[in-house]
$ cat my_file22.cif   # mmCIF, C-alpha atoms and all ligand atoms
data_upload
#
loop_
_atom_site.label_atom_id
_atom_site.label_comp_id
_atom_site.auth_asym_id
_atom_site.auth_seq_id
_atom_site.Cartn_x
_atom_site.Cartn_y
_atom_site.Cartn_z
CA MET A 28 0.00 0.00 0.00
CA ARG A 29 1.23 3.48 -0.81
CA SER A 30 2.44 5.47 2.17
CA ASP A 31 2.04 9.22 2.35
CA PHE A 32 4.86 9.38 4.92
CA ILE A 33 8.56 9.35 4.06
CA LEU A 34 11.29 7.58 6.02
CA THR A 35 14.34 9.81 6.39
CA ASP A 36 17.76 8.75 7.63
CA TYR A 37 19.33 11.02 10.25
CA GLY A 38 22.66 9.21 10.52
CA GLY A 39 21.94 6.27 12.79
CA ILE A 40 18.24 6.73 13.30
CA LYS A 41 15.36 6.99 10.89
CA LEU A 42 12.27 9.13 11.31
CA TYR A 43 8.98 8.90 9.45
CA GLU A 44 8.01 12.35 8.28
CA ILE A 45 4.84 13.93 6.90
CA PRO A 46 5.55 15.70 3.60
CA SER A 47 3.11 18.59 4.18
CA PHE A 48 4.53 19.23 7.65
CA LYS A 49 8.04 19.29 6.26
CA ARG A 50 7.04 21.64 3.43
CA SER A 51 5.45 24.06 5.90
CA GLY A 52 8.86 24.89 7.34
CA LEU A 53 7.10 25.59 10.65
CA VAL A 54 7.87 22.45 12.64
CA SER A 55 10.39 19.81 13.59
CA HIS A 56 8.60 16.48 13.69
CA GLY A 57 8.87 12.76 13.21
CA PHE A 58 7.85 9.28 14.25
CA SER A 59 10.71 7.05 15.36
CA THR A 60 11.47 3.42 14.53
CA ARG A 61 13.08 0.84 16.82
CA LEU A 62 16.49 1.19 15.13
CA GLY A 63 19.54 3.15 16.24
CA GLY A 64 19.18 3.09 20.03
CA ILE A 65 21.22 1.45 22.78
CA GLY A 66 18.60 -0.83 24.38
CA THR A 67 18.62 -4.61 24.60
CA ALA A 68 15.84 -7.18 24.05
CA PRO A 69 12.90 -6.97 24.36
CA TYR A 70 13.39 -3.19 24.11
CA ASP A 71 15.91 -3.29 21.28
CA THR A 72 16.93 -0.79 20.55
CA LEU A 73 15.31 2.65 20.48
CA ASN A 74 12.68 2.37 23.21
CA LEU A 75 11.56 5.87 24.18
CA ALA A 76 9.09 5.20 27.01
CA PHE A 77 9.76 4.84 30.74
CA HIS A 78 6.70 2.83 31.73
CA VAL A 79 7.45 -0.43 29.90
CA GLY A 80 10.21 -1.84 32.14
CA ASP A 81 13.33 -0.68 30.28
CA SER A 82 16.14 1.01 32.24
CA PRO A 83 15.48 4.76 32.67
CA GLU A 84 19.09 5.55 31.73
CA THR A 85 18.62 3.78 28.41
CA VAL A 86 15.38 5.65 27.73
CA ILE A 87 17.02 8.99 28.47
CA ALA A 88 19.99 8.18 26.23
CA ASN A 89 17.63 7.10 23.45
CA ARG A 90 15.60 10.29 23.81
CA GLN A 91 18.83 12.29 23.50
CA ILE A 92 19.61 10.48 20.25
CA VAL A 93 16.18 11.35 18.83
CA CYS A 94 16.29 14.93 20.11
CA ARG A 95 19.60 15.47 18.35
CA ALA A 96 18.03 14.39 15.06
CA LEU A 97 15.09 16.71 15.67
CA GLY A 98 17.23 19.66 16.69
CA ALA A 99 15.52 19.83 20.08
CA ASP A 100 16.66 19.81 23.70
CA THR A 101 15.66 16.83 25.84
CA ASP A 102 14.40 19.23 28.49
CA SER A 103 11.96 20.75 26.03
CA ILE A 104 10.01 17.47 25.94
CA VAL A 105 6.41 17.55 27.15
CA ALA A 106 5.03 14.04 27.69
CA ALA A 107 1.96 12.51 29.27
CA ARG A 108 0.90 9.40 31.10
CA GLN A 109 -1.33 8.05 28.35
CA VAL A 110 -4.40 6.20 29.57
CA HIS A 111 -6.56 5.72 26.43
CA SER A 112 -8.74 8.64 27.47
CA GLY A 113 -10.18 11.53 25.51
CA ASN A 114 -8.33 14.02 27.74
CA ILE A 115 -6.44 16.73 25.88
CA ALA A 116 -4.10 19.24 27.55
CA LEU A 117 -3.15 22.74 26.43
CA VAL A 118 0.52 23.09 27.26
CA GLY A 119 2.87 26.05 27.54
CA PRO A 120 6.39 26.90 28.63
CA ARG A 121 5.64 25.98 32.25
CA HIS A 122 5.20 22.37 31.11
CA ALA A 123 8.64 22.11 29.47
CA GLY A 124 10.41 19.03 30.78
CA ARG A 125 7.26 17.35 32.13
CA GLY A 126 7.87 13.63 31.64
CA ALA A 127 11.23 14.28 29.97
CA PHE A 128 13.40 12.40 32.45
CA SER A 129 10.89 10.30 34.40
CA TYR A 130 7.39 8.93 34.12
CA ASP A 131 6.37 10.49 37.45
CA THR A 132 6.55 14.04 36.17
CA ALA A 133 4.55 13.38 32.97
CA LEU A 134 1.13 15.04 32.68
CA PRO A 135 -1.36 12.63 34.29
CA ASP A 136 -4.28 11.00 32.45
CA THR A 137 -3.70 12.72 29.14
CA ASP A 138 -3.83 11.46 25.54
CA GLY A 139 -3.69 14.70 23.58
CA LEU A 140 -1.28 17.64 23.71
CA ILE A 141 -1.77 21.07 22.10
CA THR A 142 0.46 24.13 22.06
CA ASP A 143 0.94 27.40 20.22
CA ARG A 144 4.33 27.96 21.83
CA PRO A 145 7.55 27.40 19.87
CA GLY A 146 10.31 25.26 21.32
CA LEU A 147 8.15 22.74 23.19
CA LEU A 148 8.66 19.19 21.93
CA LEU A 149 5.25 17.52 22.21
CA SER A 150 5.84 13.78 22.66
CA THR A 151 3.56 10.75 22.71
CA PHE A 152 4.50 7.06 22.65
CA TYR A 153 3.25 4.06 20.72
CA ALA A 154 3.48 0.38 19.94
CA ASP A 155 0.33 -0.23 17.80
CA CYS A 156 -2.01 2.65 18.71
CA VAL A 157 -2.54 5.41 16.18
CA PRO A 158 -0.44 8.59 16.40
CA ILE A 159 -2.29 11.65 15.09
CA PHE A 160 -0.27 14.75 14.19
CA ILE A 161 -2.06 18.08 13.62
CA LEU A 162 -0.64 21.39 12.37
CA ASP A 163 -2.56 24.62 11.92
CA PRO A 164 -0.08 26.52 9.73
CA VAL A 165 -2.17 29.72 9.83
CA LYS A 166 -2.56 30.21 13.59
CA LYS A 167 0.67 28.24 14.16
CA VAL A 168 -0.75 25.71 16.58
CA ILE A 169 0.30 22.05 16.85
CA ALA A 170 -1.10 18.93 18.47
CA LEU A 171 -0.51 15.22 18.98
CA ALA A 172 -3.20 12.71 19.91
CA HIS A 173 -2.95 9.06 20.92
CA ALA A 174 -5.76 6.95 19.47
CA GLY A 175 -6.10 3.28 20.27
CA TRP A 176 -9.56 1.85 19.88
CA LYS A 177 -10.76 3.73 22.94
CA GLY A 178 -9.38 7.07 21.75
CA THR A 179 -10.79 6.39 18.31
CA LEU A 180 -14.26 5.76 19.79
CA ALA A 181 -13.80 8.98 21.81
CA ARG A 182 -12.94 10.75 18.50
CA ILE A 183 -9.87 12.20 20.14
CA GLY A 184 -8.59 13.56 16.79
CA ALA A 185 -11.77 15.59 16.28
CA GLU A 186 -11.86 16.67 19.91
CA THR A 187 -8.29 17.93 19.56
CA VAL A 188 -9.20 20.02 16.50
CA ASN A 189 -12.24 21.37 18.38
CA LYS A 190 -10.05 22.34 21.30
CA MET A 191 -7.54 24.06 18.98
CA ALA A 192 -10.47 26.03 17.51
CA ALA A 193 -11.80 27.02 20.94
CA ALA A 194 -8.41 28.02 22.35
CA PHE A 195 -6.69 29.56 19.35
CA GLY A 196 -9.31 30.18 16.67
CA THR A 197 -8.03 27.35 14.48
CA GLU A 198 -10.08 26.82 11.31
CA PRO A 199 -10.25 23.05 10.74
CA ALA A 200 -10.07 23.60 6.97
CA ASP A 201 -6.60 25.12 7.42
CA CYS A 202 -5.26 22.11 9.33
CA LEU A 203 -2.78 19.55 8.08
CA ALA A 204 -2.87 16.12 9.69
CA GLY A 205 -0.86 12.91 9.71
CA ILE A 206 -1.89 9.42 10.80
CA GLY A 207 1.26 7.54 11.65
CA PRO A 208 2.46 3.92 11.70
CA SER A 209 0.22 1.71 13.85
CA VAL A 210 -1.47 -1.67 13.75
CA GLY A 211 -3.16 -2.08 10.38
CA PRO A 212 -6.45 -3.72 9.46
CA CYS A 213 -4.30 -6.66 8.29
CA CYS A 214 -3.38 -7.47 11.89
CA TYR A 215 -6.16 -6.02 14.01
CA GLU A 216 -8.92 -8.55 14.45
CA VAL A 217 -11.46 -7.58 17.11
CA ASP A 218 -14.30 -9.40 18.84
CA GLU A 219 -18.03 -8.93 19.11
CA PRO A 220 -18.23 -6.45 22.03
CA LEU A 221 -15.88 -4.01 20.29
CA ILE A 222 -17.60 -4.57 16.94
CA ARG A 223 -20.85 -3.54 18.60
CA LEU A 224 -19.32 -0.37 20.07
CA VAL A 225 -17.91 0.61 16.68
CA ARG A 226 -21.24 0.00 14.92
CA ASP A 227 -23.06 2.06 17.55
CA GLU A 228 -20.63 4.96 17.32
CA PHE A 229 -19.99 5.38 13.60
CA ASP A 230 -22.65 5.46 10.82
CA TRP A 231 -19.91 4.62 8.39
CA TRP A 232 -18.84 1.46 10.20
CA PRO A 233 -18.99 -0.62 6.99
CA ASP A 234 -15.96 1.40 5.82
CA ILE A 235 -13.85 0.27 8.78
CA LEU A 236 -15.07 -3.22 9.73
CA GLU A 237 -14.48 -6.25 7.59
CA HIS A 238 -16.12 -9.33 9.02
CA THR A 239 -13.97 -12.43 9.15
CA LYS A 240 -15.24 -15.52 10.93
CA ASN A 241 -16.66 -16.49 14.31
CA ASP A 242 -18.22 -13.06 14.90
CA ARG A 243 -14.91 -11.31 14.53
CA ALA A 244 -13.86 -8.46 12.26
CA LYS A 245 -10.81 -6.59 11.07
CA LEU A 246 -10.90 -3.01 12.30
CA ASP A 247 -9.27 -0.28 10.20
CA LEU A 248 -8.13 2.42 12.62
CA TRP A 249 -6.38 4.35 9.83
CA THR A 250 -9.56 4.93 7.85
CA ALA A 251 -11.53 5.49 11.08
CA ASN A 252 -9.24 8.26 12.27
CA SER A 253 -9.00 9.78 8.82
CA LYS A 254 -12.81 9.96 8.64
CA ILE A 255 -12.97 11.34 12.19
CA MET A 256 -10.60 14.15 11.17
CA SER A 257 -12.70 14.88 8.06
CA GLY A 258 -15.78 14.91 10.26
CA ALA A 259 -14.16 17.68 12.30
CA GLY A 260 -13.72 19.76 9.14
CA VAL A 261 -10.16 18.83 8.15
CA LYS A 262 -9.99 18.47 4.36
CA PRO A 263 -9.48 14.83 3.34
CA ASP A 264 -6.66 15.92 1.02
CA ASN A 265 -4.89 17.41 4.03
CA VAL A 266 -4.82 14.13 5.95
CA GLU A 267 -1.72 12.07 5.16
CA ILE A 268 -1.72 8.42 6.19
CA ALA A 269 1.40 6.32 6.77
CA ARG A 270 -0.41 3.02 6.03
CA ILE A 271 2.47 1.21 7.73
CA CYS A 272 1.51 -1.66 10.03
CA THR A 273 3.59 -2.01 13.19
CA CYS A 274 2.71 -5.69 13.53
CA CYS A 275 3.78 -6.50 9.94
CA ASN A 276 7.09 -4.63 10.32
CA GLN A 277 8.61 -5.76 13.59
CA GLN A 278 12.17 -5.56 12.32
CA LEU A 279 11.61 -1.82 12.05
CA LEU A 280 8.85 -1.04 14.55
CA PHE A 281 7.70 -2.09 18.02
CA SER A 282 4.35 -3.90 18.12
CA TYR A 283 2.47 -4.63 21.34
CA ARG A 284 0.31 -7.26 19.67
CA GLY A 285 3.15 -8.71 17.65
CA SER A 286 5.48 -9.03 20.63
CA ARG A 287 2.88 -10.47 23.00
CA GLU A 288 2.84 -7.29 25.00
CA VAL A 289 6.38 -6.77 26.34
CA THR A 290 8.19 -4.40 24.04
CA GLY A 291 9.42 -0.83 23.58
CA ARG A 292 7.63 2.25 22.36
CA MET A 293 8.22 4.54 19.39
CA GLY A 294 7.72 8.27 19.79
CA ALA A 295 5.69 10.85 17.90
CA PHE A 296 7.36 14.25 18.18
CA LEU A 297 6.15 17.67 17.09
CA MET A 298 7.59 21.11 17.85
CA LEU A 299 7.02 24.57 16.48
CA LYS A 300 10.38 25.97 15.45
CA THR A 301 11.60 28.91 17.48
CA ALA A 302 12.83 30.87 14.47
CA LEU A 303 9.79 30.84 12.20
CA PRO A 304 10.16 31.71 8.52
ZN ZN B 401 -0.27 -5.90 9.61
#

$ encode --input "my_file22.cif" --output "structure tokens"
Amino acid sequence: MRSDFILTDYGGIKLYEIPSFKRSGLVSHGFSTRLGGIGTAPYDTLNLAFHVGDSPETVIANRQIVCRALGADTDSIVAARQVHSGNIALVGPRHAGRGAFSYDTALPDTDGLITDRPGLLLSTFYADCVPIFILDPVKKVIALAHAGWKGTLARIGAETVNKMAAAFGTEPADCLAGIGPSVGPCCYEVDEPLIRLVRDEFDWWPDILEHTKNDRAKLDLWTANSKIMSGAGVKPDNVEIARICTCCNQQLLFSYRGSREVTGRMGAFLMLKTALP
């Protein structure tokens, strides 16, 4: 399947990038792979999250490697304790460094981060869930949202756009969005209770559920989140989709499902540049 994202080599590590974000010249951004870090199995090698059992020193060293590629300082990271909620935080300079060097200091119970302030490196972490990147290039506002099935049902992508509109006057039609590497419909078979929730929530459920056997179905979180963004007023042409399955690409990416649950996390990173063009 064609990917809208591009994989760029930064001398040792590779980052997936969104072409429209790169063209904007407004942001540093990327989605990491598992390659180029210092960690050992089952976190080999570029695990970026503290909460999965890896050594904190390794996580910090790995974050420094990624921050160098992004041209950011590690202490500009703003990270959250992600809980599959619909909670979205507006963050500013006072949040710089929250969750940068330990899990304890991360913003509690939060799955979306928004800022209009340059120099803050919004960071969220993944091993199958869907990373959503949003850039309003007119008002110069950025956001990340973490959408597993719960966040998808909570329409966290749309809620994030709504919150950008309320706080900063963002027009959804101006927004650029990216849906990053995550578990694909190829590898995401779900059971009857979740099928029912999806059918109850989305009129367009036939577009995202493909029934298999024994009352199970393949769920397409990429299309779901793309349609959720369009529903919030983001132009479909402005939504770029990686279409890269974490579970199918475990040499390159961490997968919670593929690894039977003990594994590392990739990071989604987004920062408004301090010297804007
Ligand atoms: Zn797959």

$ closest_atom_pairs --input "my_file22.cif" --of "chain A" --to "ligand ZN 401 (chain B)" --cutoff "9 Å" --atoms "all atoms listed in the file" --output "CSV"
residue,atom,partner,partner_atom,distance
A:Ser209,CA,B:ZN401,ZN,8.7
A:Val210,CA,B:ZN401,ZN,6.0
A:Gly211,CA,B:ZN401,ZN,4.9
A:Pro212,CA,B:ZN401,ZN,6.6
A:Cys213,CA,B:ZN401,ZN,4.3
A:Cys214,CA,B:ZN401,ZN,4.2
A:Tyr215,CA,B:ZN401,ZN,7.4
A:Ile271,CA,B:ZN401,ZN,7.8
A:Cys272,CA,B:ZN401,ZN,4.6
A:Thr273,CA,B:ZN401,ZN,6.5
A:Cys274,CA,B:ZN401,ZN,4.9
A:Cys275,CA,B:ZN401,ZN,4.1
A:Asn276,CA,B:ZN401,ZN,7.5

$ residues_around --input "my_file22.cif" --residues "stretch 139-151 of chain A" --least-positions-apart "6" --cutoff "7 Å" --atoms "all atoms listed in the file" --output "number ranges by chain"
A: 103-107, 114-119, 123, 167-173, 187, 294-301

$ write_last_selection --input "my_file22.cif" --atoms "C-alpha atoms" --output "mmCIF file, keeping the file's coordinate frame"
data_model
loop_
_atom_site.group_PDB
_atom_site.id
_atom_site.type_symbol
_atom_site.label_atom_id
_atom_site.label_comp_id
_atom_site.auth_asym_id
_atom_site.auth_seq_id
_atom_site.Cartn_x
_atom_site.Cartn_y
_atom_site.Cartn_z
ATOM 1 C CA SER A 103 11.960 20.750 26.030
ATOM 2 C CA ILE A 104 10.010 17.470 25.940
ATOM 3 C CA VAL A 105 6.410 17.550 27.150
ATOM 4 C CA ALA A 106 5.030 14.040 27.690
ATOM 5 C CA ALA A 107 1.960 12.510 29.270
ATOM 6 C CA ASN A 114 -8.330 14.020 27.740
ATOM 7 C CA ILE A 115 -6.440 16.730 25.880
ATOM 8 C CA ALA A 116 -4.100 19.240 27.550
ATOM 9 C CA LEU A 117 -3.150 22.740 26.430
ATOM 10 C CA VAL A 118 0.520 23.090 27.260
ATOM 11 C CA GLY A 119 2.870 26.050 27.540
ATOM 12 C CA ALA A 123 8.640 22.110 29.470
ATOM 13 C CA LYS A 167 0.670 28.240 14.160
ATOM 14 C CA VAL A 168 -0.750 25.710 16.580
ATOM 15 C CA ILE A 169 0.300 22.050 16.850
ATOM 16 C CA ALA A 170 -1.100 18.930 18.470
ATOM 17 C CA LEU A 171 -0.510 15.220 18.980
ATOM 18 C CA ALA A 172 -3.200 12.710 19.910
ATOM 19 C CA HIS A 173 -2.950 9.060 20.920
ATOM 20 C CA THR A 187 -8.290 17.930 19.560
ATOM 21 C CA GLY A 294 7.720 8.270 19.790
ATOM 22 C CA ALA A 295 5.690 10.850 17.900
ATOM 23 C CA PHE A 296 7.360 14.250 18.180
ATOM 24 C CA LEU A 297 6.150 17.670 17.090
ATOM 25 C CA MET A 298 7.590 21.110 17.850
ATOM 26 C CA LEU A 299 7.020 24.570 16.480
ATOM 27 C CA LYS A 300 10.380 25.970 15.450
ATOM 28 C CA THR A 301 11.600 28.910 17.480
#

$ residues_near_point --input "my_file22.cif" --point "(19.2, 9.5, 25.6)" --cutoff "12 Å" --atoms "all atoms listed in the file" --output "JSON, numbers by chain"
{"A": [63, 64, 65, 66, 72, 73, 74, 75, 76, 77, 82, 83, 84, 85, 86, 87, 88, 89, 90, 91, 92, 93, 94, 95, 96, 100, 101, 102, 127, 128]}

$ atom_distance --input "my_file22.cif" --atom1 "atom CA of A:Leu246" --atom2 "atom CA of A:Ala185"
19.0 Å

$ residues_around --input "my_file22.cif" --residues "A:Tyr130" --least-positions-apart "2" --cutoff "7 Å" --atoms "all atoms listed in the file" --output "MDAnalysis selection string"
chainID A and resid 77:78 126 132:133

$ atom_distance --input "my_file22.cif" --atom1 "atom CA of A:Lys166" --atom2 "atom CA of A:Thr197"
6.2 Å

$ closest_residue --input "my_file22.cif" --among "A:Leu203, A:Val79, A:Ala68, A:Ala154" --to "A:Arg50" --atoms "all atoms listed in the file"
A:Leu203

$ closest_residue --input "my_file22.cif" --among "A:Ala193, A:Ala259, A:Cys156, A:Leu42" --to "A:His111" --atoms "all atoms listed in the file"
A:Cys156

$ atom_distance --input "my_file22.cif" --atom1 "atom CA of A:Val266" --atom2 "atom CA of A:Glu198"
14.7 Å

$ closest_residue --input "my_file22.cif" --among "A:Val217, A:Ile268, A:Ile235, A:Val188" --to "A:Gly205" --atoms "all atoms listed in the file"
A:Ile268

$ build_atoms --input "my_file22.cif" --residues "stretch 185-199 of chain A" --atoms "N, CA, C and O atoms" --output "PDB file, in the coordinates of the input"
ATOM      1  N   ALA A 185     -10.798  14.507  16.482  1.00  0.00           N
ATOM      2  CA  ALA A 185     -11.770  15.590  16.280  1.00  0.00           C
ATOM      3  C   ALA A 185     -11.832  16.494  17.498  1.00  0.00           C
ATOM      4  O   ALA A 185     -11.885  17.724  17.380  1.00  0.00           O
ATOM      5  N   GLU A 186     -11.811  15.877  18.678  1.00  0.00           N
ATOM      6  CA  GLU A 186     -11.860  16.670  19.910  1.00  0.00           C
ATOM      7  C   GLU A 186     -10.636  17.591  20.017  1.00  0.00           C
ATOM      8  O   GLU A 186     -10.722  18.707  20.535  1.00  0.00           O
ATOM      9  N   THR A 187      -9.509  17.108  19.522  1.00  0.00           N
ATOM     10  CA  THR A 187      -8.290  17.930  19.560  1.00  0.00           C
ATOM     11  C   THR A 187      -8.440  19.133  18.629  1.00  0.00           C
ATOM     12  O   THR A 187      -8.104  20.266  19.009  1.00  0.00           O
ATOM     13  N   VAL A 188      -8.965  18.903  17.429  1.00  0.00           N
ATOM     14  CA  VAL A 188      -9.200  20.020  16.500  1.00  0.00           C
ATOM     15  C   VAL A 188     -10.198  21.009  17.115  1.00  0.00           C
ATOM     16  O   VAL A 188     -10.002  22.232  17.050  1.00  0.00           O
ATOM     17  N   ASN A 189     -11.249  20.489  17.745  1.00  0.00           N
ATOM     18  CA  ASN A 189     -12.240  21.370  18.380  1.00  0.00           C
ATOM     19  C   ASN A 189     -11.590  22.228  19.469  1.00  0.00           C
ATOM     20  O   ASN A 189     -11.898  23.414  19.614  1.00  0.00           O
ATOM     21  N   LYS A 190     -10.705  21.608  20.211  1.00  0.00           N
ATOM     22  CA  LYS A 190     -10.050  22.340  21.300  1.00  0.00           C
ATOM     23  C   LYS A 190      -9.078  23.394  20.750  1.00  0.00           C
ATOM     24  O   LYS A 190      -8.943  24.483  21.319  1.00  0.00           O
ATOM     25  N   MET A 191      -8.407  23.068  19.635  1.00  0.00           N
ATOM     26  CA  MET A 191      -7.540  24.060  18.980  1.00  0.00           C
ATOM     27  C   MET A 191      -8.386  25.247  18.499  1.00  0.00           C
ATOM     28  O   MET A 191      -7.971  26.405  18.594  1.00  0.00           O
ATOM     29  N   ALA A 192      -9.580  24.966  17.990  1.00  0.00           N
ATOM     30  CA  ALA A 192     -10.470  26.030  17.510  1.00  0.00           C
ATOM     31  C   ALA A 192     -10.922  26.904  18.673  1.00  0.00           C
ATOM     32  O   ALA A 192     -10.902  28.139  18.584  1.00  0.00           O
ATOM     33  N   ALA A 193     -11.303  26.260  19.783  1.00  0.00           N
ATOM     34  CA  ALA A 193     -11.800  27.020  20.940  1.00  0.00           C
ATOM     35  C   ALA A 193     -10.703  27.872  21.562  1.00  0.00           C
ATOM     36  O   ALA A 193     -10.930  29.014  21.952  1.00  0.00           O
ATOM     37  N   ALA A 194      -9.483  27.318  21.633  1.00  0.00           N
ATOM     38  CA  ALA A 194      -8.410  28.020  22.350  1.00  0.00           C
ATOM     39  C   ALA A 194      -7.680  29.036  21.481  1.00  0.00           C
ATOM     40  O   ALA A 194      -7.227  30.068  21.982  1.00  0.00           O
ATOM     41  N   PHE A 195      -7.557  28.726  20.183  1.00  0.00           N
ATOM     42  CA  PHE A 195      -6.690  29.560  19.350  1.00  0.00           C
ATOM     43  C   PHE A 195      -7.347  30.045  18.065  1.00  0.00           C
ATOM     44  O   PHE A 195      -6.702  30.655  17.220  1.00  0.00           O
ATOM     45  N   GLY A 196      -8.619  29.746  17.879  1.00  0.00           N
ATOM     46  CA  GLY A 196      -9.310  30.180  16.670  1.00  0.00           C
ATOM     47  C   GLY A 196      -8.922  29.396  15.429  1.00  0.00           C
ATOM     48  O   GLY A 196      -9.115  29.867  14.301  1.00  0.00           O
ATOM     49  N   THR A 197      -8.391  28.199  15.621  1.00  0.00           N
ATOM     50  CA  THR A 197      -8.030  27.350  14.480  1.00  0.00           C
ATOM     51  C   THR A 197      -9.245  27.074  13.596  1.00  0.00           C
ATOM     52  O   THR A 197     -10.316  26.733  14.099  1.00  0.00           O
ATOM     53  N   GLU A 198      -9.064  27.240  12.278  1.00  0.00           N
ATOM     54  CA  GLU A 198     -10.080  26.820  11.310  1.00  0.00           C
ATOM     55  C   GLU A 198      -9.715  25.402  10.887  1.00  0.00           C
ATOM     56  O   GLU A 198      -8.631  25.188  10.319  1.00  0.00           O
ATOM     57  N   PRO A 199     -10.597  24.428  11.118  1.00  0.00           N
ATOM     58  CA  PRO A 199     -10.250  23.050  10.740  1.00  0.00           C
ATOM     59  C   PRO A 199      -9.811  22.912   9.282  1.00  0.00           C
ATOM     60  O   PRO A 199      -8.911  22.113   8.977  1.00  0.00           O
TER      61      PRO A 199
END
